[in-house]
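Data first, discussion second: the structure below is written as structure tokens.
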Amino acid sequence: MRLSVVPIYKRELRAYFQNPGVYVTLAIFLSVAGWFVYSGLAWFVRICMDRRMQMQMGSGPVNFTEFVVKDTFGIISFLFLFVIPLLTMRLFAEEKKSGTFELLVTCPVTDWGLVLGKYLAALSVVVAFLMLSGIFPLVFSRLGDPEWPVVGSCYLGLLLVGMAYVAFGTFASTLTENQIIAGVVTFFGLLAFYLVGDMGIGGMGAVSRVFEGLSIRQHSENLIRGRILPEDITYFVAFAVGFLFLANNVLESRRWRV
Amino acid sequence: MIKAESLTKVYGTTTAIADVSFDLAAGEVLGFLGPNGAGKSTTMRILTCFIQPTSGHATVAGFDVTTQSLEVRRRIGYLPEGVPLYNDMTVRSYLDFIGDAKGHSRSLRKKYIADAMEHTGLQSVAGRLLGHLSKGFRQRVGLAQAILGDPQVLILDEPTIGLDPQQVIEIRDLIKRMAHKRTVILSTHILPEVSMTCDKVIIINQGQIVAQGTPEKLTSELQREGITRVVVKGPADDVRRKLNAMAGVTSVAVARKLDGNVAEFEVKSRRGEDIRARAAAGIVGAGWELLELRTEGMTLEEIFLKVVVSEKGVQEHAA
């Protein structure tokens with residue numbers, strides 16, 4: 001059966017690149033990340049100088065990756081909480097509001113074609129953002145000596161986080177015809193998944209383990225440290241697939257909903 | 001080609017349509033006529049698989065709209081009410097996207113787009129952004145995407161709403177040209193549109209079909225009295241009395257007094273009675289001059305008002 005992912009994907013991607021809001025988001029994303037990179041580097045330099053004075057008393061050299069690279073990727077994954085809702089909120093909400101949704105779903109395209117086409121287009125934009133953030137590792141390689149496998153693991157982590165966030169945002173956008181609501185639901189929903197690991201603190205062991213298991217931050221931390229664990233990859237893939245299924249169900253529900 | 005069997009759609013506590021049934025053969029043009037909110041759009045949305053009926057069945061080209069929705073959608077060109085378009089696309093790229101979504105290959109698409117643009121006169125604006133087009137052109141783009149790929153069935157929701165008279169005429173001509181090769185359903189609340197373009201009319205009000213048939217059939221069925229206009233030169237009172245006494249005549253009124261003893265009479269008669277021969281013979285026999293004699297059919301407009309506006313009409317014809 002023909003899903004019609006490709007036509008939807010192509011149109012959606014074109015709409016992204018014609019949308020000035022995307023460029024504004026990109027500019028803010030890179031500026032904020034760049035500012036954190038800069039302050040991270042400044043901090044690193046100060047520590048290096050402190051250590052150099054202490055080295056005469058016998059402490060080792062400072063690890064560049066530990067201090068700068070990991071922080072940078074931690075910041076980017078945090079910024080995704082703000083950036084991705086802005087990118088995904090329009091996916092379905094805009095079409096529902098303007099009425100183009102009716103024309104779209106009366107074309108011979110499947111609901112999965114719609115969900116996947118739009119999801120992949122938004123994910124492509126996120127990947128484009130990530131590729132542009134490659135400027136930071138380039139800067140690092142000139143200033144210090146980053147551990148490239150860790151950088152690779154960080155990018156894998158960001159890709160997985162992006163997949164999960166975009167899936168959640170796609171789902172939220174199917175729920176409403178109001179883009180603002182879709183964006184707010186995405187932001188607070190993701191924030192909840194981000195912080196849920198801390199909610200178990202002080203609770204019983206089993207409860208706090210469940211909360212930690214659900215937490216986005218818990219699972220991305222390993223990847224940022226350069227540890228690629230199957231359970232983390234499974235978590236993000238399952239998160240994405242689960243919310244895409246929900247998005248598809250919401251679309252299907254319009255047929256029988258009263 | 002299109003068959004609807006007691007379609008019913010209930011939203012919460014309001015019934016949008018109730019027990020809507022009709023049958024449309026290939027090549028026919030059906031006009032849905034009704035005031036705003038009568039259920040025209042709901043019926044069309046069911047046929048295009050946008051929503052599912054609460055109960056009842058409908059098939060398009062033999063495929064069920066609920067269980068074989070993809071097959072139905074492959075055969076339909078749909079113009080939704082209000083012509084929703086992506087304002088950030090050009091006419092050509094939009095039509096290309098629709099062709100792509102309909103599953104046509106690149107080479108076929110090229111040909112289909114050229115055809116559709118030619119039919120709708122869009123060549124001059126092919127590279128313009130949809131958001132910058134006038135309402136008339138947007139409507140044409142909506143029609144172009146509906147006819148793209150030559151679907152068997154066209155479903156057009158209010159295709160001429162909000163256009164200026166010249167554009168209305170153009171769009172109507174377009175629909176007439178496209179009809180008969182295809183099966184067309186269009187909705188409107190403008191009456192002349194139906195008598196001009198449709199083979200079959202369904203009058204729908206408050207979610208129920210109140211009358212259906214050919215425009216001619218509706219006219220003759222719903223006409224409960226005949227009206228004959230007679231212009232006579234002679235003493236008005238005597239003429240009126242004479243006409244009133246004739247068999248089949250229910251009432252006579254002087255519609256207009258003209259110069260020099262000439263008057264126009266409006267003669268109402270029972271349905272199915274043709275009183276023209278009798279009236280002519282009577283007037284001439286009395287020695288007056290018969291200047292004009294014509295029967296007046298009821299316009300669709302009057303039927304519509306009769307059926308839709310009066311509650312009595314609704315009850316009588318729903319039964």
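For the structure tokens, the naming scheme is as follows: chains receive sequential letters (A, B, ...) according to their order of presentation, residues are indexed from 1 within each chain, and ligands are indexed from 1 in presentation order.
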Pull out every residue of chain B that has at least one atom within 10 Å of chain A, counting only C-alpha atoms, and report them as a count of residues only.
-> 50
Would you mind listing what lies within 6 Å of region 175-185 of chain A as a list in words, with only C-alpha atoms counted and same-chain residues fewer than 4 positions away left out?
-> Pro85, Met89, Arg90, Ala93, Lys96, Lys97 and Gly189 of chain A
Find the spatial neighbours of Gly248 (chain B), counting only C-alpha atoms, within a cut-off of 12 Å - ignore same-chain residues fewer than 6 positions away - and output them as a PDB file with N, CA and C atoms, in the first residue's frame.
ATOM      1  N   GLU B 225     -50.882  25.456  -7.978  1.00  0.00           N
ATOM      2  CA  GLU B 225     -51.873  26.166  -8.778  1.00  0.00           C
ATOM      3  C   GLU B 225     -51.184  26.764 -10.001  1.00  0.00           C
ATOM      4  N   GLY B 226     -51.940  26.831 -11.073  1.00  0.00           N
ATOM      5  CA  GLY B 226     -51.393  27.444 -12.272  1.00  0.00           C
ATOM      6  C   GLY B 226     -51.736  28.921 -12.284  1.00  0.00           C
ATOM      7  N   ILE B 227     -50.838  29.693 -12.846  1.00  0.00           N
ATOM      8  CA  ILE B 227     -51.115  31.120 -12.970  1.00  0.00           C
ATOM      9  C   ILE B 227     -51.116  31.466 -14.452  1.00  0.00           C
ATOM     10  N   THR B 228     -52.191  32.098 -14.899  1.00  0.00           N
ATOM     11  CA  THR B 228     -52.272  32.519 -16.294  1.00  0.00           C
ATOM     12  C   THR B 228     -52.448  34.028 -16.320  1.00  0.00           C
ATOM     13  N   VAL B 267     -54.941  35.135 -13.387  1.00  0.00           N
ATOM     14  CA  VAL B 267     -55.958  34.112 -13.192  1.00  0.00           C
ATOM     15  C   VAL B 267     -55.308  32.890 -12.563  1.00  0.00           C
ATOM     16  N   LYS B 268     -55.771  32.526 -11.387  1.00  0.00           N
ATOM     17  CA  LYS B 268     -55.222  31.328 -10.745  1.00  0.00           C
ATOM     18  C   LYS B 268     -56.169  30.168 -10.986  1.00  0.00           C
ATOM     19  N   SER B 269     -55.561  28.996 -11.285  1.00  0.00           N
ATOM     20  CA  SER B 269     -56.414  27.847 -11.557  1.00  0.00           C
ATOM     21  C   SER B 269     -55.882  26.640 -10.799  1.00  0.00           C
ATOM     22  N   ARG B 270     -56.724  25.627 -10.742  1.00  0.00           N
ATOM     23  CA  ARG B 270     -56.299  24.427 -10.042  1.00  0.00           C
ATOM     24  C   ARG B 270     -55.167  23.764 -10.802  1.00  0.00           C
ATOM     25  N   ARG B 271     -54.326  23.028 -10.039  1.00  0.00           N
ATOM     26  CA  ARG B 271     -53.167  22.393 -10.627  1.00  0.00           C
ATOM     27  C   ARG B 271     -53.589  21.418 -11.721  1.00  0.00           C
ATOM     28  N   GLY B 272     -52.890  21.437 -12.821  1.00  0.00           N
ATOM     29  CA  GLY B 272     -53.160  20.499 -13.902  1.00  0.00           C
ATOM     30  C   GLY B 272     -54.265  20.950 -14.846  1.00  0.00           C
ATOM     31  N   GLU B 273     -54.940  22.014 -14.501  1.00  0.00           N
ATOM     32  CA  GLU B 273     -55.995  22.512 -15.396  1.00  0.00           C
ATOM     33  C   GLU B 273     -55.397  23.541 -16.344  1.00  0.00           C
ATOM     34  N   ASP B 274     -55.533  23.312 -17.628  1.00  0.00           N
ATOM     35  CA  ASP B 274     -55.085  24.342 -18.567  1.00  0.00           C
ATOM     36  C   ASP B 274     -56.308  25.131 -19.011  1.00  0.00           C
ATOM     37  N   ILE B 275     -56.385  26.352 -18.568  1.00  0.00           N
ATOM     38  CA  ILE B 275     -57.603  27.130 -18.838  1.00  0.00           C
ATOM     39  C   ILE B 275     -57.447  28.053 -20.030  1.00  0.00           C
ATOM     40  N   ARG B 276     -56.284  27.969 -20.720  1.00  0.00           N
ATOM     41  CA  ARG B 276     -55.999  28.969 -21.749  1.00  0.00           C
ATOM     42  C   ARG B 276     -57.029  28.957 -22.879  1.00  0.00           C
ATOM     43  N   ARG B 278     -60.090  27.805 -22.897  1.00  0.00           N
ATOM     44  CA  ARG B 278     -61.401  28.258 -22.435  1.00  0.00           C
ATOM     45  C   ARG B 278     -61.435  29.784 -22.287  1.00  0.00           C
ATOM     46  N   ALA B 279     -60.344  30.309 -21.698  1.00  0.00           N
ATOM     47  CA  ALA B 279     -60.313  31.756 -21.483  1.00  0.00           C
ATOM     48  C   ALA B 279     -60.337  32.506 -22.805  1.00  0.00           C
TER      49      ALA B 279
END
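Closest to Pro151 (chain B) among B:Ala61, B:Ala263, B:Leu7, B:Leu174 is B:Ala61, based on only C-alpha atoms.
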Contact residues around Phe211 (chain A) with only C-alpha atoms at 8 Å, ignoring same-chain residues under 6 positions, as a PyMOL selection string | chain A and resi 196-200
Save out the residues we just selected, C-alpha atoms, as a compact mmCIF listing (two decimals), in the first residue's frame.
# COMPACT_ATOMS: atom_id res chain seq x y z
CA VAL A 196 10.52 13.50 36.07
CA GLY A 197 13.75 11.83 37.19
CA ASP A 198 14.07 14.31 40.04
CA MET A 199 10.55 13.73 41.26
CA GLY A 200 11.47 10.40 42.82
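Secondary structure by DSSP on the backbone puts the following residues of region 199-301 of chain B in alpha helix (DSSP H): Pro215, Glu216, Lys217, Leu218, Thr219, Ser220, Glu221, Leu222, Ala236, Asp237, Asp238, Val239, Arg240, Arg241, Lys242, Leu243, Asn244, Arg276, Ala277, Arg278, Ala279, Ala280, Ala281, Gly282, Ile283, Val284, Gly285, Leu300 and Glu301 of chain B.
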Output file for the selection above: C-alpha atoms, as a short mmCIF file (atom, residue, chain, number, x, y, z; two decimals), in the first residue's frame:
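The resulting file, out37.cif, is shown below:
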data_model
loop_
_atom_site.label_atom_id
_atom_site.label_comp_id
_atom_site.auth_asym_id
_atom_site.auth_seq_id
_atom_site.Cartn_x
_atom_site.Cartn_y
_atom_site.Cartn_z
CA PRO B 215 -35.74 20.87 -11.82
CA GLU B 216 -38.73 20.37 -14.16
CA LYS B 217 -40.22 17.65 -12.03
CA LEU B 218 -39.91 19.73 -8.91
CA THR B 219 -41.51 22.63 -10.66
CA SER B 220 -44.51 20.65 -11.81
CA GLU B 221 -44.91 18.66 -8.63
CA LEU B 222 -44.71 21.52 -6.27
CA ALA B 236 -62.46 45.24 -16.53
CA ASP B 237 -65.23 44.27 -14.12
CA ASP B 238 -67.14 42.29 -16.71
CA VAL B 239 -64.01 40.50 -17.87
CA ARG B 240 -63.12 39.61 -14.31
CA ARG B 241 -66.58 38.23 -13.63
CA LYS B 242 -66.54 36.19 -16.81
CA LEU B 243 -63.11 34.69 -16.11
CA ASN B 244 -64.05 33.92 -12.55
CA ARG B 276 -56.00 28.97 -21.75
CA ALA B 277 -58.29 27.65 -24.51
CA ARG B 278 -61.40 28.26 -22.44
CA ALA B 279 -60.31 31.76 -21.48
CA ALA B 280 -59.48 32.68 -25.05
CA ALA B 281 -62.79 31.36 -26.38
CA GLY B 282 -64.77 33.10 -23.62
CA ILE B 283 -63.13 36.49 -24.13
CA VAL B 284 -63.33 36.48 -27.88
CA GLY B 285 -66.89 35.14 -27.69
CA LEU B 300 -37.31 27.30 -8.59
CA GLU B 301 -36.94 30.24 -6.30
#
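As for CA of Ser21 (chain B) and CA of His189 (chain B), they are spaced 19.8 Å apart.
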Would you mind telling me which residue in A:Gly169, A:Gly157, A:Pro20, A:Pro137 lies nearest to Tyr235 (chain A) when using only C-alpha atoms?
-> A:Gly157
Å distance separating CA of Val65 (chain B) from CA of Met44 (chain B), one decimal place = 11.3 Å
Excluding region 144-148 of chain A and any residue of its chain fewer than 5 positions from it, enumerate the residues within 8 Å of it, using only C-alpha atoms, and give them as a PyMOL selection string.
-> chain A and resi 64-65+69+137
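CA of His180 (chain B) is positioned 24.7 Å from CA of Gln123 (chain B).
By only C-alpha atoms, and with residues fewer than 6 positions from Asp115 (chain B) along its chain excluded, the set lying at most 12 Å from it is B:Leu95, B:Leu108, B:Arg109, B:Gly121, B:Leu122, B:Gln123, B:Ala144, B:Gln145, B:Ile147, B:Leu148, B:Gly149, B:Asp150, B:Met178.
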Write the selection just made, keeping N, CA and C atoms, as an mmCIF file, in the first residue's frame?
data_model
loop_
_atom_site.group_PDB
_atom_site.id
_atom_site.type_symbol
_atom_site.label_atom_id
_atom_site.label_comp_id
_atom_site.auth_asym_id
_atom_site.auth_seq_id
_atom_site.Cartn_x
_atom_site.Cartn_y
_atom_site.Cartn_z
ATOM 1 N N LEU B 95 -0.392 22.891 -7.269
ATOM 2 C CA LEU B 95 -1.034 21.864 -8.094
ATOM 3 C C LEU B 95 -0.128 20.639 -8.219
ATOM 4 N N LEU B 108 2.965 12.388 -15.746
ATOM 5 C CA LEU B 108 1.508 12.550 -15.821
ATOM 6 C C LEU B 108 1.086 13.871 -15.196
ATOM 7 N N ARG B 109 1.751 14.184 -14.089
ATOM 8 C CA ARG B 109 1.415 15.390 -13.348
ATOM 9 C C ARG B 109 1.545 16.612 -14.233
ATOM 10 N N GLY B 121 -8.206 28.559 -16.704
ATOM 11 C CA GLY B 121 -7.639 29.864 -17.081
ATOM 12 C C GLY B 121 -6.632 30.392 -16.081
ATOM 13 N N LEU B 122 -5.735 29.512 -15.635
ATOM 14 C CA LEU B 122 -4.788 29.921 -14.596
ATOM 15 C C LEU B 122 -3.378 30.183 -15.116
ATOM 16 N N GLN B 123 -3.179 30.001 -16.442
ATOM 17 C CA GLN B 123 -1.809 30.079 -16.961
ATOM 18 C C GLN B 123 -1.122 31.389 -16.599
ATOM 19 N N ALA B 144 -9.247 23.858 -10.042
ATOM 20 C CA ALA B 144 -8.174 23.201 -10.785
ATOM 21 C C ALA B 144 -7.654 21.989 -10.015
ATOM 22 N N GLN B 145 -7.465 22.154 -8.698
ATOM 23 C CA GLN B 145 -6.960 21.002 -7.944
ATOM 24 C C GLN B 145 -8.025 19.900 -7.874
ATOM 25 N N ILE B 147 -10.234 19.128 -10.288
ATOM 26 C CA ILE B 147 -10.327 18.395 -11.558
ATOM 27 C C ILE B 147 -8.991 17.788 -11.972
ATOM 28 N N LEU B 148 -7.946 18.061 -11.202
ATOM 29 C CA LEU B 148 -6.617 17.551 -11.540
ATOM 30 C C LEU B 148 -6.625 16.019 -11.621
ATOM 31 N N GLY B 149 -6.140 15.506 -12.722
ATOM 32 C CA GLY B 149 -6.067 14.061 -12.874
ATOM 33 C C GLY B 149 -7.378 13.458 -13.337
ATOM 34 N N ASP B 150 -8.319 14.305 -13.704
ATOM 35 C CA ASP B 150 -9.565 13.848 -14.302
ATOM 36 C C ASP B 150 -10.295 12.809 -13.459
ATOM 37 N N MET B 178 -17.257 20.867 -17.620
ATOM 38 C CA MET B 178 -16.673 19.685 -17.003
ATOM 39 C C MET B 178 -17.706 18.592 -16.774
#
Return the single residue from A:Leu120, A:Leu244, A:Val237, A:Ala33 that is closest to Phe136 (chain A), with distances computed using only C-alpha atoms.
-> A:Ala33
